[in-house]
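Worksheet: one structure, shown below.
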Amino acid sequence: MSQTRTIARRTFLIGSVAVTGGVIFGGAFATRPAPNPLLDDLAEGEAAITPYVKIDANGITFITPRADKGQGAYSAQARLIAEELDIDPAKVRLDPGQPAQAYYNAEVMAEGLPVPGYERGWLVERVRDGMQIIGRLQSFQITGGSSTVPEMFHRLRLAGAVARETLKKAAAVRFGVDVAALRTEDGAVVLPDETRVPYTDLATLAAQTQPVKGVPLRPPEQWRLIGKPMRRLDVVDKSTGRQQYGIDLRLPGMLYATARANPGLGGDVVSMDTSAAEAMRGVRKIVPIPHGVVVIADNTWRAFKAAEAIQITWGPGPYPASTDKMWDVLTASMTPDRQNSQLRDDGDVDKALTDCETTVEAEYRTPYLAHAPLEPMNATVQVTEDAIDVWTGTQIPAHMRRHIAERTGYPEDRIRIHGQMMGGSFGRRLEDTYVMQALEAAMAIPDTPIKMTWSREEDMTHDYPRPMALGWMRGGLKDGKIAAFDVRCASQSLSASWFGRLDRPLPGPDEFIVAGAIDQPYAITNSRVTGYAAPEMVPVSSWRSVGASSNSFLHEGFLDELMVAGGVDPMEERLRLVHHMPSRKVLEAVAEMCNWKGTDLGPDRGRGLAFCYAFGVPVAEVVDVTMTPAGLRIDKVYVAADVGTVINPTNVRAQLSGGVIWGLGHAIQAELVYQNHAPIQTNYHTYPGMRIYQTPEIEVRALENAEKVCGIGEPGVPPAAPALANAIFAATGERLREMPFRKFIDFV
């Protein structure tokens, strides 16, 4: 193992500093200590134990810096710390903390490499190690890419273990006993006579104790929490309506605002008449902002109505006016000068195609898709002479703080980001446009908290959607086996668009254009995947499972076409081709779950299979459908996935089931269609999700064969659409190559 890899995969203490009534220990990757951000603002009598644990007289706080947008990130992080600290995670306070280098995310940087996660080798590992170091040095703090658990799995357990052993060492000194005779249990050090000493009673002494180094982590057979079913910490509050989100925030003296911006994203304001709005009841101020206007009033409803009353003439957006013209742009991008990558080119595809007995060609299309979270974008900002405070749900707190500093001139240490629970995101909160608009409003009325809330219509029409994508597919069969497979993908560069807005442009090919196609573990001798970067059109962003959500549809759909043409069994042919053992195991598992070979579905029924390796997780899904006189019914979905190590079986099942519903719902009936530079879908009535009556029974099995722990928030999405399309073909003989499917078939 290389020295770089050894350093990058271990955490070690970042040092200790005595504070009044407490102690500081901590862990960080790479070769140089990262400062403990909790030391910057400690109250008297408060101890900071690692960057992730604080203790005061009233209890213990865990810092959970990866944002919770409904996927259970806070609960997962708390469970990892609590596993080694020996405390019930339900008995601690959770705080996302302030942005800091100690909370960097290197896993998401490595995930963005154009290399399959299962690929090994000296060079590949060195590059991954380099991305770890870059992520740390750039303080790349972000929640995304299903990276929370793999990134924090070791780091948070080590933080809890260091705190535990140092507290035991402090107790040994205080009571004059051998540290080996002590144990910890439920938030306390237990002495040999069974006396329990709460951690809170030991903080002052621990501040004077040298932190324990080289703490070994407990082996899996000693885990109390990891791998055991457990209710998420937010379930009760969410089930009873007590959970507070950013949109629920109330502060003394608060004013309320909303924004109207050009629906042609990036377009100018040609003219504006605010006179009617200014005369309306409750309106306090109207503030011009880039590409639009913000209205400040004494409540949100009055701000909404005043914004509607403003007469605005918009200039055109800086991209084609309609979806039809955008498809023309993608088609025109399938040229050598727009080629962005050819990251898979095995054998000789062109020669193999000429030698094939049967060849098949097809075109696949996936539309722009909105994130459409239930909670519309909102942020509360207060600007004073001394500081700027922001209350919002965000996946990019460090980038947001930097953007605010650039706009205002305030130093970053005077900008405080108070992370809020999010009512959904699916990638939407990887942007900060809404926060920057709230900042403009707060700067216009200093010393007053301004809560800016977008209307649902503003939210839908000003989303940065998932890119539309075009796939041109060719394949051939020889002796009934797939002998050639040629994939050409065209879409906008998500890296150029999103990372450009973060002022973090990435060099090299855009892996997102071909994700879900280049990294599939099929041993097809002659296989090629080419990515084409279309010119920038509608600004785009990450959407749950990113490029794999589009490319799995075309990859697995066309693979099924070839298998049907060859008369081979889709399961048997995939098992013949797959060269990655954990991927083979999930296919075998889903075949067993659905009794693939032994089930006769009967007339008017169909079964479809799809597989996708994404975010380090192989997932196989089987969809059963029935064609009824009223339309197609989805009966049942079988899902098998390998996450390496299951943290919480309950949440894994929920995330995979949710991914299936998300993937199926969008495949059936969701798209953004642009006319006059703006989407015509403005609310849920024109952008419906999957309805309860449409939702199938879902059976889930989680395997643990992979060598690395992985996240599960996104991998369940990509196989859903192609598995459904393949099932529809099996039931009806109709091959669907474009989403949404409701354009071609009715659903019940």
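Residues are named by chain letter and number: chains run A, B, ... in the order of the structure tokens, numbers start at 1 in each chain, and ligands are numbered from 1 in the order shown.
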
DSSP strand (DSSP E or B) selection over stretch 158-202 of chain A, as a PyMOL selection string: chain A and resi 183-185+188-190+196-198

Set out as JSON lines a contact list for stretch 527-636 of chain A and stretch 473-477 of chain A with a cut-off of 9 Å, giving each residue of stretch 527-636 of chain A that qualifies its closest atom pair and distance in Å to one decimal, counting only C-alpha atoms, ordered by chain and rising residue number.
```
{"residue": "A:Leu554", "atom": "CA", "partner": "A:Met473", "partner_atom": "CA", "distance": 8.0}
{"residue": "A:His555", "atom": "CA", "partner": "A:Met473", "partner_atom": "CA", "distance": 8.4}
{"residue": "A:Phe558", "atom": "CA", "partner": "A:Met473", "partner_atom": "CA", "distance": 7.1}
{"residue": "A:Leu559", "atom": "CA", "partner": "A:Gly475", "partner_atom": "CA", "distance": 8.4}
{"residue": "A:Leu562", "atom": "CA", "partner": "A:Gly475", "partner_atom": "CA", "distance": 6.9}
{"residue": "A:Met563", "atom": "CA", "partner": "A:Leu477", "partner_atom": "CA", "distance": 8.6}
{"residue": "A:Ala565", "atom": "CA", "partner": "A:Leu477", "partner_atom": "CA", "distance": 8.1}
{"residue": "A:Gly566", "atom": "CA", "partner": "A:Leu477", "partner_atom": "CA", "distance": 6.5}
```

Okay, now the selection with N, CA, C and O atoms, as a PDB file, in the first residue's frame?
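The new file part.pdb reads:
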```pdb
ATOM      1  N   LEU A 554     -30.794   4.552 -21.201  1.00  0.00           N
ATOM      2  CA  LEU A 554     -30.430   4.207 -22.575  1.00  0.00           C
ATOM      3  C   LEU A 554     -29.527   2.966 -22.608  1.00  0.00           C
ATOM      4  O   LEU A 554     -29.637   2.129 -23.511  1.00  0.00           O
ATOM      5  N   HIS A 555     -28.641   2.837 -21.625  1.00  0.00           N
ATOM      6  CA  HIS A 555     -27.710   1.710 -21.611  1.00  0.00           C
ATOM      7  C   HIS A 555     -28.445   0.389 -21.400  1.00  0.00           C
ATOM      8  O   HIS A 555     -28.302  -0.562 -22.178  1.00  0.00           O
ATOM      9  N   PHE A 558     -31.230  -0.349 -24.184  1.00  0.00           N
ATOM     10  CA  PHE A 558     -30.692  -0.853 -25.446  1.00  0.00           C
ATOM     11  C   PHE A 558     -30.072  -2.238 -25.269  1.00  0.00           C
ATOM     12  O   PHE A 558     -30.155  -3.094 -26.166  1.00  0.00           O
ATOM     13  N   LEU A 559     -29.466  -2.477 -24.104  1.00  0.00           N
ATOM     14  CA  LEU A 559     -28.932  -3.804 -23.835  1.00  0.00           C
ATOM     15  C   LEU A 559     -30.047  -4.840 -23.910  1.00  0.00           C
ATOM     16  O   LEU A 559     -29.878  -5.942 -24.465  1.00  0.00           O
ATOM     17  N   LEU A 562     -30.903  -5.622 -27.504  1.00  0.00           N
ATOM     18  CA  LEU A 562     -29.971  -6.566 -28.119  1.00  0.00           C
ATOM     19  C   LEU A 562     -30.237  -7.992 -27.650  1.00  0.00           C
ATOM     20  O   LEU A 562     -30.176  -8.946 -28.442  1.00  0.00           O
ATOM     21  N   MET A 563     -30.540  -8.144 -26.373  1.00  0.00           N
ATOM     22  CA  MET A 563     -30.797  -9.482 -25.853  1.00  0.00           C
ATOM     23  C   MET A 563     -32.065 -10.082 -26.456  1.00  0.00           C
ATOM     24  O   MET A 563     -32.119 -11.280 -26.757  1.00  0.00           O
ATOM     25  N   ALA A 565     -33.215  -9.303 -29.418  1.00  0.00           N
ATOM     26  CA  ALA A 565     -32.860  -9.617 -30.807  1.00  0.00           C
ATOM     27  C   ALA A 565     -32.076 -10.922 -30.894  1.00  0.00           C
ATOM     28  O   ALA A 565     -32.193 -11.667 -31.878  1.00  0.00           O
ATOM     29  N   GLY A 566     -31.279 -11.206 -29.861  1.00  0.00           N
ATOM     30  CA  GLY A 566     -30.489 -12.432 -29.860  1.00  0.00           C
ATOM     31  C   GLY A 566     -31.217 -13.631 -29.291  1.00  0.00           C
ATOM     32  O   GLY A 566     -30.678 -14.739 -29.297  1.00  0.00           O
TER      33      GLY A 566
END
```

Would you pick out the contacts of A:Gln520 at 10 Å or less, using only C-alpha atoms, so that residues sharing its chain but fewer than 5 positions from it are not included, and give the list as a list of chain:residue names? A:Pro116, A:Gly117, A:Tyr118, A:Ala515, A:Ser552, A:His555, A:Glu556, A:Val578, A:His579, A:His580, A:Ser583, A:Phe611, A:Cys612, A:Tyr613, A:Ala614, A:Pro618

Skip A:Asp604 itself and residues of its chain fewer than 6 positions away, then list as a VMD selection string all residues within 9 Å of it, counting only C-alpha atoms. chain A and resid 625 to 628 730 to 732

Writer output for current selection, C-alpha atoms, as an mmCIF file, in the first residue's frame:
```
data_model
loop_
_atom_site.group_PDB
_atom_site.id
_atom_site.type_symbol
_atom_site.label_atom_id
_atom_site.label_comp_id
_atom_site.auth_asym_id
_atom_site.auth_seq_id
_atom_site.Cartn_x
_atom_site.Cartn_y
_atom_site.Cartn_z
ATOM 1 C CA VAL A 625 -46.417 -5.002 -14.771
ATOM 2 C CA THR A 626 -49.906 -5.827 -15.998
ATOM 3 C CA MET A 627 -51.668 -4.304 -19.000
ATOM 4 C CA THR A 628 -55.289 -3.672 -18.009
ATOM 5 C CA ALA A 730 -42.362 -7.688 -22.358
ATOM 6 C CA ALA A 731 -46.062 -7.031 -21.684
ATOM 7 C CA THR A 732 -47.007 -5.057 -24.798
#
```

What is the distance, in Å and to one decimal place, between atom CA of A:Asp201 and atom CA of A:Pro37?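 Taking atom CA of A:Asp201 as the start and atom CA of A:Pro37 as the end point, the length is 23.2 Å.
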
Of the residues A:Leu577, A:Val329, A:Ile680, A:Ala48, which is the one nearest to A:Pro263, using only C-alpha atoms?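 Looking at the shortest contact to A:Pro263, the residue is A:Ile680.
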
Give me the residues near A:Ser527 as a ChimeraX atom specification, where near means some atom within 9 Å (using only C-alpha atoms) and where sequence neighbours in that chain fewer than 2 positions away do not count. /A:344-349,483-487,523-525,529

Restricting the output to C-alpha atoms, write the selected residues as a short mmCIF file (atom, residue, chain, number, x, y, z; two decimals), in the first residue's frame.
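Just written: again.cif:
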```
data_model
loop_
_atom_site.label_atom_id
_atom_site.label_comp_id
_atom_site.auth_asym_id
_atom_site.auth_seq_id
_atom_site.Cartn_x
_atom_site.Cartn_y
_atom_site.Cartn_z
CA ARG A 344 -14.31 3.39 -22.75
CA ASP A 345 -12.98 1.99 -26.02
CA ASP A 346 -12.41 -1.74 -25.82
CA GLY A 347 -11.61 -3.90 -28.83
CA ASP A 348 -12.58 -2.74 -32.31
CA VAL A 349 -16.24 -1.75 -32.29
CA ALA A 483 -20.42 -8.86 -29.67
CA ALA A 484 -20.42 -5.08 -30.11
CA PHE A 485 -21.85 -2.24 -28.08
CA ASP A 486 -21.49 1.43 -29.10
CA VAL A 487 -22.91 4.24 -26.95
CA ALA A 523 -17.16 -7.68 -20.24
CA ILE A 524 -18.27 -6.89 -23.80
CA THR A 525 -15.17 -7.44 -25.93
CA VAL A 529 -18.76 4.96 -24.90
#
```

As an MDAnalysis selection string, please: the residues near A:Leu506 (cut-off 12 Å, only C-alpha atoms, same-chain neighbours under 5 positions excluded). chainID A and resid 109 112:113 493:501 511:512

Export of the given selection (C-alpha atoms) as a JSON list (two decimals), in the first residue's frame:
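Written out: part.json:
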```
[["chain", "number", "residue", "atom", "x", "y", "z"],
["A", 109, "MET", "CA", -14.30, 14.56, -5.25],
["A", 112, "GLY", "CA", -16.36, 12.51, -9.77],
["A", 113, "LEU", "CA", -13.35, 10.82, -11.35],
["A", 493, "SER", "CA", -21.72, 19.69, -19.26],
["A", 494, "LEU", "CA", -23.02, 19.67, -15.71],
["A", 495, "SER", "CA", -19.47, 20.22, -14.48],
["A", 496, "ALA", "CA", -19.07, 23.38, -16.54],
["A", 497, "SER", "CA", -22.46, 24.72, -15.47],
["A", 498, "TRP", "CA", -22.59, 23.85, -11.77],
["A", 499, "PHE", "CA", -18.91, 24.03, -10.87],
["A", 500, "GLY", "CA", -18.75, 27.26, -12.82],
["A", 501, "ARG", "CA", -21.38, 28.77, -10.50],
["A", 511, "GLU", "CA", -17.74, 12.26, -16.19],
["A", 512, "PHE", "CA", -21.40, 13.19, -15.65]]
```

Could you tell me which of A:Gly317, A:Pro467, A:Pro290, A:Pro99 comes closest to A:Tyr434 if we count only C-alpha atoms?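 Of all the options, A:Pro290 lies closest to A:Tyr434.
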
Tell me, as a PDB file with C-alpha atoms, in the first residue's frame, which residues lie within 7 Å of stretch 357-371 of chain A, counting only C-alpha atoms; anything in the same chain fewer than 6 positions away does not count.
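Output below, filename result08.pdb:
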```
ATOM      1  CA  SER A 425     -33.728  18.714  -2.130  1.00  0.00           C
ATOM      2  CA  PHE A 426     -32.707  15.953  -4.564  1.00  0.00           C
ATOM      3  CA  GLY A 427     -29.775  18.234  -5.452  1.00  0.00           C
ATOM      4  CA  ARG A 428     -31.730  21.501  -5.476  1.00  0.00           C
ATOM      5  CA  MET A 460     -40.399  25.485 -10.559  1.00  0.00           C
ATOM      6  CA  ASP A 463     -34.774  25.537 -11.044  1.00  0.00           C
ATOM      7  CA  PRO A 465     -32.727  21.148 -13.884  1.00  0.00           C
ATOM      8  CA  ARG A 466     -31.186  17.815 -14.716  1.00  0.00           C
ATOM      9  CA  PRO A 467     -29.766  18.081 -18.245  1.00  0.00           C
ATOM     10  CA  MET A 468     -31.744  16.754 -21.168  1.00  0.00           C
ATOM     11  CA  ALA A 469     -29.774  14.005 -22.911  1.00  0.00           C
ATOM     12  CA  LEU A 470     -29.627  12.243 -26.252  1.00  0.00           C
ATOM     13  CA  GLY A 471     -28.279   8.728 -26.819  1.00  0.00           C
ATOM     14  CA  TRP A 472     -27.382   7.157 -30.137  1.00  0.00           C
ATOM     15  CA  MET A 473     -26.935   3.420 -29.751  1.00  0.00           C
ATOM     16  CA  ARG A 474     -25.541   0.718 -32.007  1.00  0.00           C
ATOM     17  CA  GLY A 475     -24.979  -2.914 -31.197  1.00  0.00           C
ATOM     18  CA  GLY A 476     -24.465  -6.279 -32.786  1.00  0.00           C
ATOM     19  CA  LEU A 477     -24.830  -9.996 -32.053  1.00  0.00           C
ATOM     20  CA  LYS A 478     -22.837 -12.975 -33.164  1.00  0.00           C
ATOM     21  CA  TRP A 543     -30.311  15.764  -9.751  1.00  0.00           C
ATOM     22  CA  SER A 550     -30.272   9.287 -17.855  1.00  0.00           C
ATOM     23  CA  LEU A 554     -30.430   4.207 -22.575  1.00  0.00           C
ATOM     24  CA  LEU A 562     -29.971  -6.566 -28.119  1.00  0.00           C
ATOM     25  CA  ALA A 670     -42.376  14.193 -15.460  1.00  0.00           C
ATOM     26  CA  GLU A 671     -40.599  16.618 -17.782  1.00  0.00           C
ATOM     27  CA  LEU A 672     -39.823  20.282 -18.171  1.00  0.00           C
ATOM     28  CA  ARG A 737     -37.028   5.008 -25.839  1.00  0.00           C
ATOM     29  CA  GLU A 738     -38.114   8.399 -24.572  1.00  0.00           C
ATOM     30  CA  MET A 739     -39.351   9.664 -21.227  1.00  0.00           C
TER      31      MET A 739
END
```

Interatomic distance between atom CA of A:Ala203 and atom CA of A:Arg93? 16.8 Å

Counting only C-alpha atoms, the option among A:Leu158, A:Leu39, A:Ala76, A:Ile81 closest to A:Lys213: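 Answer, going by the shortest atom-to-atom distance: A:Leu158.
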
What parts of stretch 393-468 of chain A does DSSP call helix (DSSP H, G or I)? I'd like the answer as a PyMOL selection string. chain A and resi 397-408+412-414+428-430+433-444+456-461
